[in-house]
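Content type TSV, C-alpha atoms and all ligand atoms, from the file upload.tsv:
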```tsv
chain	number	residue	atom	x	y	z
A	1	LEU	CA	0.00	0.00	0.00
A	2	THR	CA	1.31	3.47	-0.83
A	3	GLN	CA	1.62	6.13	1.88
A	4	ASP	CA	-1.32	8.00	0.35
A	5	GLU	CA	-3.48	4.85	0.40
A	6	LEU	CA	-2.65	4.43	4.11
A	7	LYS	CA	-3.56	8.09	4.72
A	8	LYS	CA	-6.89	7.51	2.97
A	9	ILE	CA	-7.61	4.40	5.07
A	10	ALA	CA	-6.97	6.31	8.31
A	11	ALA	CA	-9.07	9.25	7.08
A	12	TYR	CA	-12.06	7.11	6.11
A	13	LYS	CA	-11.91	5.32	9.47
A	14	ALA	CA	-12.02	8.66	11.29
A	15	VAL	CA	-15.09	9.79	9.32
A	16	GLU	CA	-16.94	6.79	10.81
A	17	PHE	CA	-16.91	8.85	14.04
A	18	VAL	CA	-18.90	11.65	12.33
A	19	GLU	CA	-22.63	11.81	13.12
A	20	SER	CA	-25.32	13.94	11.45
A	21	GLY	CA	-25.84	17.26	13.18
A	22	MET	CA	-22.20	17.59	14.27
A	23	VAL	CA	-20.05	20.73	14.14
A	24	LEU	CA	-16.77	19.47	12.67
A	25	GLY	CA	-13.22	20.84	12.73
A	26	LEU	CA	-11.84	20.20	9.23
A	27	GLY	CA	-8.07	19.61	9.22
A	28	THR	CA	-5.39	20.61	6.72
A	29	GLY	CA	-2.86	18.50	4.84
A	30	SER	CA	-2.83	15.50	2.52
A	31	THR	CA	-4.33	13.11	5.10
A	32	ALA	CA	-7.09	15.45	6.29
A	33	LYS	CA	-7.91	16.15	2.63
A	34	HIS	CA	-9.16	12.56	2.30
A	35	ALA	CA	-11.39	12.99	5.37
A	36	VAL	CA	-12.92	16.20	4.01
A	37	ASP	CA	-13.50	14.52	0.63
A	38	ARG	CA	-15.21	11.59	2.38
A	39	ILE	CA	-17.47	13.92	4.42
A	40	GLY	CA	-18.43	15.67	1.17
A	41	ASP	CA	-19.28	12.28	-0.40
A	42	LEU	CA	-21.48	11.20	2.52
A	43	LEU	CA	-23.29	14.56	2.52
A	44	ARG	CA	-23.93	14.26	-1.21
A	45	GLN	CA	-25.22	10.67	-0.75
A	46	GLY	CA	-27.53	11.89	2.05
A	47	LYS	CA	-25.83	9.52	4.51
A	48	LEU	CA	-24.75	12.55	6.58
A	49	THR	CA	-27.00	15.57	7.12
A	50	ASN	CA	-26.93	18.86	8.98
A	51	ILE	CA	-23.13	19.13	9.25
A	52	VAL	CA	-21.31	22.42	9.88
A	53	GLY	CA	-17.58	22.52	9.04
A	54	ILE	CA	-15.01	24.80	10.73
A	55	PRO	CA	-11.98	24.85	8.39
A	56	THR	CA	-8.40	25.07	9.76
A	57	SER	CA	-7.01	26.86	6.70
A	58	LYS	CA	-8.04	28.81	3.60
A	59	LYS	CA	-7.00	25.74	1.61
A	60	THR	CA	-9.43	23.49	3.48
A	61	GLU	CA	-12.10	26.20	3.29
A	62	GLU	CA	-11.81	26.15	-0.52
A	63	GLN	CA	-11.90	22.35	-0.63
A	64	ALA	CA	-14.97	22.21	1.63
A	65	LEU	CA	-16.76	24.92	-0.37
A	66	SER	CA	-16.13	23.00	-3.59
A	67	LEU	CA	-17.71	19.93	-1.94
A	68	GLY	CA	-20.76	21.86	-0.74
A	69	ILE	CA	-19.97	21.35	2.95
A	70	PRO	CA	-21.74	24.12	4.95
A	71	LEU	CA	-19.07	26.21	6.70
A	72	SER	CA	-18.85	28.49	9.70
A	73	ASP	CA	-16.14	29.73	12.08
A	74	LEU	CA	-15.13	29.72	15.74
A	75	ASP	CA	-16.84	33.05	16.43
A	76	ASN	CA	-20.17	31.48	15.51
A	77	HIS	CA	-19.40	27.94	16.72
A	78	PRO	CA	-17.03	28.19	19.72
A	79	ALA	CA	-17.79	24.59	20.75
A	80	ILE	CA	-16.90	21.91	18.19
A	81	ASP	CA	-18.00	18.28	18.47
A	82	LEU	CA	-15.18	16.60	16.59
A	83	ALA	CA	-12.06	17.61	14.67
A	84	ILE	CA	-10.23	15.35	12.23
A	85	ASP	CA	-6.67	16.32	11.26
A	86	GLY	CA	-3.31	14.87	10.38
A	87	ALA	CA	0.06	15.22	12.10
A	88	ASP	CA	3.74	15.18	11.23
A	89	GLU	CA	4.83	13.25	14.33
A	90	VAL	CA	2.95	11.29	17.03
A	91	ASP	CA	4.64	10.15	20.26
A	92	PRO	CA	3.43	7.28	22.51
A	93	HIS	CA	1.48	9.77	24.69
A	94	LEU	CA	-0.45	11.07	21.62
A	95	ASN	CA	1.48	14.36	21.68
A	96	LEU	CA	1.87	15.69	18.15
A	97	VAL	CA	4.06	17.80	15.96
A	98	LYS	CA	1.98	19.59	13.37
A	99	GLY	CA	2.36	22.56	11.08
A	100	ARG	CA	4.65	21.44	8.30
A	101	GLY	CA	1.79	22.56	6.04
A	102	GLY	CA	1.89	25.99	7.68
A	103	SER	CA	-1.61	25.91	9.24
A	104	LEU	CA	-0.69	25.26	12.86
A	105	LEU	CA	-2.25	28.39	14.41
A	106	ARG	CA	-5.78	27.90	13.06
A	107	GLU	CA	-5.46	24.12	13.61
A	108	LYS	CA	-4.51	24.65	17.25
A	109	MET	CA	-7.35	27.17	17.76
A	110	VAL	CA	-9.95	24.85	16.20
A	111	GLU	CA	-8.66	21.62	17.75
A	112	GLY	CA	-8.37	23.36	21.12
A	113	ALA	CA	-12.12	24.09	20.93
A	114	CYS	CA	-13.10	20.46	20.29
A	115	LYS	CA	-14.63	17.87	22.58
A	116	LYS	CA	-12.87	15.21	20.49
A	117	PHE	CA	-9.82	15.53	18.25
A	118	VAL	CA	-9.21	12.46	16.10
A	119	CYS	CA	-5.72	12.56	14.60
A	120	ILE	CA	-5.17	10.51	11.43
A	121	VAL	CA	-1.74	9.30	10.35
A	122	ASP	CA	0.04	6.65	8.38
A	123	GLU	CA	2.50	4.61	10.46
A	124	SER	CA	5.53	6.62	9.23
A	125	LYS	CA	4.49	9.46	11.57
A	126	LEU	CA	5.00	7.46	14.79
A	127	VAL	CA	8.08	8.54	16.80
A	128	LYS	CA	9.43	7.70	20.27
A	129	HIS	CA	10.05	11.36	21.14
A	130	LEU	CA	8.94	14.57	19.45
A	131	GLY	CA	11.39	16.81	17.66
A	132	GLY	CA	14.33	14.44	17.39
A	133	SER	CA	13.60	13.07	13.94
A	134	GLY	CA	15.62	15.84	12.26
A	135	LEU	CA	12.41	17.14	10.70
A	136	ALA	CA	11.05	20.61	11.33
A	137	LEU	CA	9.34	21.85	14.45
A	138	PRO	CA	7.38	24.79	12.97
A	139	VAL	CA	7.02	28.06	14.93
A	140	GLU	CA	4.72	30.82	13.67
A	141	VAL	CA	6.36	34.23	14.24
A	142	VAL	CA	5.43	37.82	13.41
A	143	PRO	CA	7.29	39.14	10.35
A	144	PHE	CA	8.60	42.13	12.34
A	145	CYS	CA	12.31	41.41	13.09
A	146	TRP	CA	11.82	37.66	12.54
A	147	LYS	CA	15.63	37.18	12.59
A	148	PHE	CA	15.68	38.51	16.14
A	149	THR	CA	13.00	35.98	17.08
A	150	ALA	CA	14.77	33.15	15.23
A	151	ASN	CA	17.96	33.91	17.18
A	152	LYS	CA	16.06	33.72	20.46
A	153	LEU	CA	14.61	30.35	19.40
A	154	ARG	CA	18.05	29.05	18.39
A	155	ASN	CA	19.56	30.14	21.72
A	156	LEU	CA	16.76	28.34	23.56
A	157	PHE	CA	17.76	25.00	22.03
A	158	GLU	CA	21.49	25.64	21.66
A	159	ARG	CA	22.33	22.46	23.56
A	160	SER	CA	20.25	20.45	21.08
A	161	GLY	CA	22.30	21.82	18.18
A	162	CYS	CA	19.30	23.77	16.93
A	163	VAL	CA	19.32	25.22	13.41
A	164	THR	CA	16.53	27.63	12.42
A	165	LYS	CA	15.30	28.22	8.88
A	166	LEU	CA	12.72	30.69	7.59
A	167	ARG	CA	10.08	28.69	5.68
A	168	ASN	CA	9.99	29.62	1.99
A	169	ASP	CA	7.09	29.03	-0.38
A	170	CYS	CA	7.40	27.09	-3.62
A	171	GLU	CA	8.71	30.20	-5.41
A	172	GLY	CA	11.50	30.64	-2.87
A	173	LYS	CA	9.84	33.68	-1.28
A	174	SER	CA	9.12	33.86	2.46
A	175	PHE	CA	6.05	31.70	3.18
A	176	VAL	CA	3.20	33.79	4.64
A	177	THR	CA	0.58	31.97	6.75
A	178	ASP	CA	-3.18	32.52	6.44
A	179	ASN	CA	-2.74	34.93	9.35
A	180	GLY	CA	-0.03	37.07	7.67
A	181	ASN	CA	2.83	35.65	9.72
A	182	TYR	CA	6.06	33.77	8.92
A	183	ILE	CA	7.10	30.26	9.92
A	184	VAL	CA	10.56	29.63	11.42
A	185	ASP	CA	11.35	25.91	11.36
A	186	LEU	CA	13.49	24.52	14.18
A	187	TYR	CA	15.75	21.55	13.32
A	188	LEU	CA	17.05	19.82	16.44
A	189	LYS	CA	19.75	17.18	16.70
A	190	LYS	CA	18.24	15.89	19.98
A	191	ASP	CA	14.60	15.40	20.91
A	192	LEU	CA	12.75	18.14	22.77
A	193	GLY	CA	13.01	16.56	26.23
A	194	ASP	CA	10.35	17.91	28.61
A	195	LEU	CA	7.73	19.03	26.09
A	196	GLN	CA	5.77	21.33	28.42
A	197	ILE	CA	8.94	23.16	29.43
A	198	ALA	CA	9.96	23.51	25.77
A	199	SER	CA	6.47	24.72	24.85
A	200	ASP	CA	6.34	27.33	27.63
A	201	ALA	CA	9.86	28.57	26.81
A	202	ILE	CA	8.99	29.04	23.11
A	203	LEU	CA	5.75	30.88	23.87
A	204	ARG	CA	7.52	33.27	26.26
A	205	ILE	CA	9.44	34.78	23.32
A	206	ALA	CA	7.48	37.96	22.43
A	207	GLY	CA	7.75	37.58	18.63
A	208	VAL	CA	6.37	34.03	18.70
A	209	VAL	CA	2.70	33.55	17.85
A	210	GLU	CA	2.40	29.73	18.26
A	211	HIS	CA	4.38	26.50	17.75
A	212	GLY	CA	3.65	23.09	16.26
A	213	MET	CA	3.68	20.96	19.42
A	214	PHE	CA	0.09	19.85	20.14
A	215	LEU	CA	0.41	18.53	23.70
A	216	ASP	CA	-2.42	16.58	25.32
A	217	MET	CA	-4.84	17.65	22.56
A	218	ALA	CA	-5.55	14.54	20.50
A	219	THR	CA	-8.17	12.31	22.13
A	220	THR	CA	-7.75	9.52	19.54
A	221	VAL	CA	-5.04	8.70	17.01
A	222	ILE	CA	-5.89	6.42	14.09
A	223	VAL	CA	-2.79	4.82	12.59
A	224	ALA	CA	-2.97	3.07	9.22
A	225	GLY	CA	-0.13	0.61	8.62
A	226	GLU	CA	0.77	-2.27	6.32
A	227	LEU	CA	-0.69	-4.69	8.90
A	228	GLY	CA	-3.95	-2.77	9.37
A	229	ILE	CA	-5.48	0.03	11.44
A	230	THR	CA	-4.60	0.78	15.07
A	231	ILE	CA	-6.78	3.10	17.15
A	232	LYS	CA	-5.05	4.68	20.17
A	233	ASN	CA	-7.20	6.46	22.74
A	234	LYS	CA	-6.05	8.95	25.36
B	1	LIG	O1	0.58	20.99	8.60
B	1	LIG	C1	-0.19	20.30	9.28
B	1	LIG	O2	-0.48	20.57	10.46
B	1	LIG	C2	-0.67	19.01	8.69
B	1	LIG	O3	-1.87	18.58	9.32
B	1	LIG	C3	0.41	17.99	8.93
B	1	LIG	O4	0.61	17.92	10.29
B	1	LIG	C4	0.08	16.63	8.33
B	1	LIG	O5	0.16	16.77	6.96
B	1	LIG	P1	0.04	15.48	6.00
B	1	LIG	O6	-1.29	14.85	6.35
B	1	LIG	O7	0.06	16.07	4.63
B	1	LIG	O8	1.21	14.59	6.29
```
Is it possible to give me this structure as structure tokens?
Ligand code: DER
Amino acid sequence: LTQDELKKIAAYKAVEFVESGMVLGLGTGSTAKHAVDRIGDLLRQGKLTNIVGIPTSKKTEEQALSLGIPLSDLDNHPAIDLAIDGADEVDPHLNLVKGRGGSLLREKMVEGACKKFVCIVDESKLVKHLGGSGLALPVEVVPFCWKFTANKLRNLFERSGCVTKLRNDCEGKSFVTDNGNYIVDLYLKKDLGDLQIASDAILRIAGVVEHGMFLDMATTVIVAGELGITIKNK
């Protein structure tokens, strides 16, 4: 099975948790895309009715609109029944790294407002510890003096051999998030250690808006692997 087929299997499994009448957080990324497509299918077939979607990015908003999924926002629906979204890394405690697609702020706002957050991944996303895989830990920062902020972030994780890199878009220009901010990616040689301490330290830096560690937020993680589906509950 290809990675995308595994993502689709996890996504379709998560949509089995969706009931008519729910307010749904709609995730962003290639895995969540399959879940949003599936919700659109079930609505069109009449198997799901009376759904309201709260998108976690402009990209997902466009996808949901094209599928005819009724949409709203957190101002009008501050309590969300269920969110379905992907992740870049999942540790054994269901802590996540997210944001390599650049949508972490709206994802964290929406998923933080949910009674249930079902995270959908293929097995390649499972890690022992967050942040040590050599892949990016995204941090959303204000554009004003972003180098100053990036230096503060690098100093914070100096002992982990941290390298920071401003996220560029596909044309090599600075990537701008849906919220008009930049993303500084942290690349660590060692894992993040105590995640809550790392999270608090990052958020104390004034130029930082939010980071991609989603601690104690996922209530369920659905993992699709070569040997089948595993469902991990908090
Ligand atoms: O950027 C994001 O937060 C995405 O949800 C990411 O965490 C997962 O993206 P993928 O499903 O394309 O791997």
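The residue that comes closest to Phe157 of chain A, out of A:Pro143, A:Gly172, A:Pro138, A:Gly193 and on the basis of all atoms listed in the file, is A:Gly193.
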- Residues near Tyr187 of chain A, cut-off 10 Å, only C-alpha atoms, skip fewer than 2 positions along chain, as a PyMOL selection string: chain A and resi 131-138+154+157+160-165+184-185+189-191
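All residues, whether protein, DNA or RNA, that have an atom at most 8 Å from ligand LIG 1 (chain B) (counting only C-alpha atoms and all ligand atoms) are Lys7, Gly27, Thr28, Gly29, Ser30, Thr31, Ala32, Lys33, Asp85, Gly86, Ala87, Asp88, Glu89, Val97, Lys98, Gly99, Arg100, Gly101, Gly102, Ser103, Leu104, Glu107, Ile120, Val121 and Gly212 of chain A.
Atom CA of Tyr182 of chain A is positioned 10.8 Å from atom CA of Lys147 of chain A.
With atom CA of Glu123 of chain A on one side and atom CA of Asp194 of chain A on the other, the separation reads 23.8 Å.
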- Message: Applying 10 Å and only C-alpha atoms, which residues near Thr230 of chain A remain after dropping the ones on its own chain fewer than 5 positions away? List them as an NGL selection string.
- Response: :A and (10 or 123 or 221-225)
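Nearest residue to Asp37 of chain A among A:Ser20, A:Ser72, A:Thr60, A:Ser124 is A:Thr60, counting only C-alpha atoms.
Once only C-alpha atoms are considered, the residues situated within 10 Å of the file point (-10.0, 27.1, 19.7) turn out to be A:Gly25, A:Leu74, A:Asp75, A:His77, A:Pro78, A:Ala79, A:Ile80, A:Leu105, A:Arg106, A:Glu107, A:Lys108, A:Met109, A:Val110, A:Glu111, A:Gly112, A:Ala113, A:Cys114.
In terms of minimum interatomic distance to Phe148 of chain A, A:Val208 ranks closest within A:Leu203, A:Leu96, A:Ile39, A:Val208, counting only C-alpha atoms.
Residue neighbourhood of Lys8 of chain A, excluding near-sequence residues (fewer than 2 positions): Asp4, Glu5, Leu6, Ala10, Ala11, Tyr12, Thr31, His34 and Ala35 of chain A, at 8 Å, using all atoms listed in the file.
The shortest atom-to-atom distance to Pro55 of chain A, with all atoms listed in the file taken into account, belongs to A:Leu71 out of A:Val209, A:Leu1, A:Ser199, A:Leu71.
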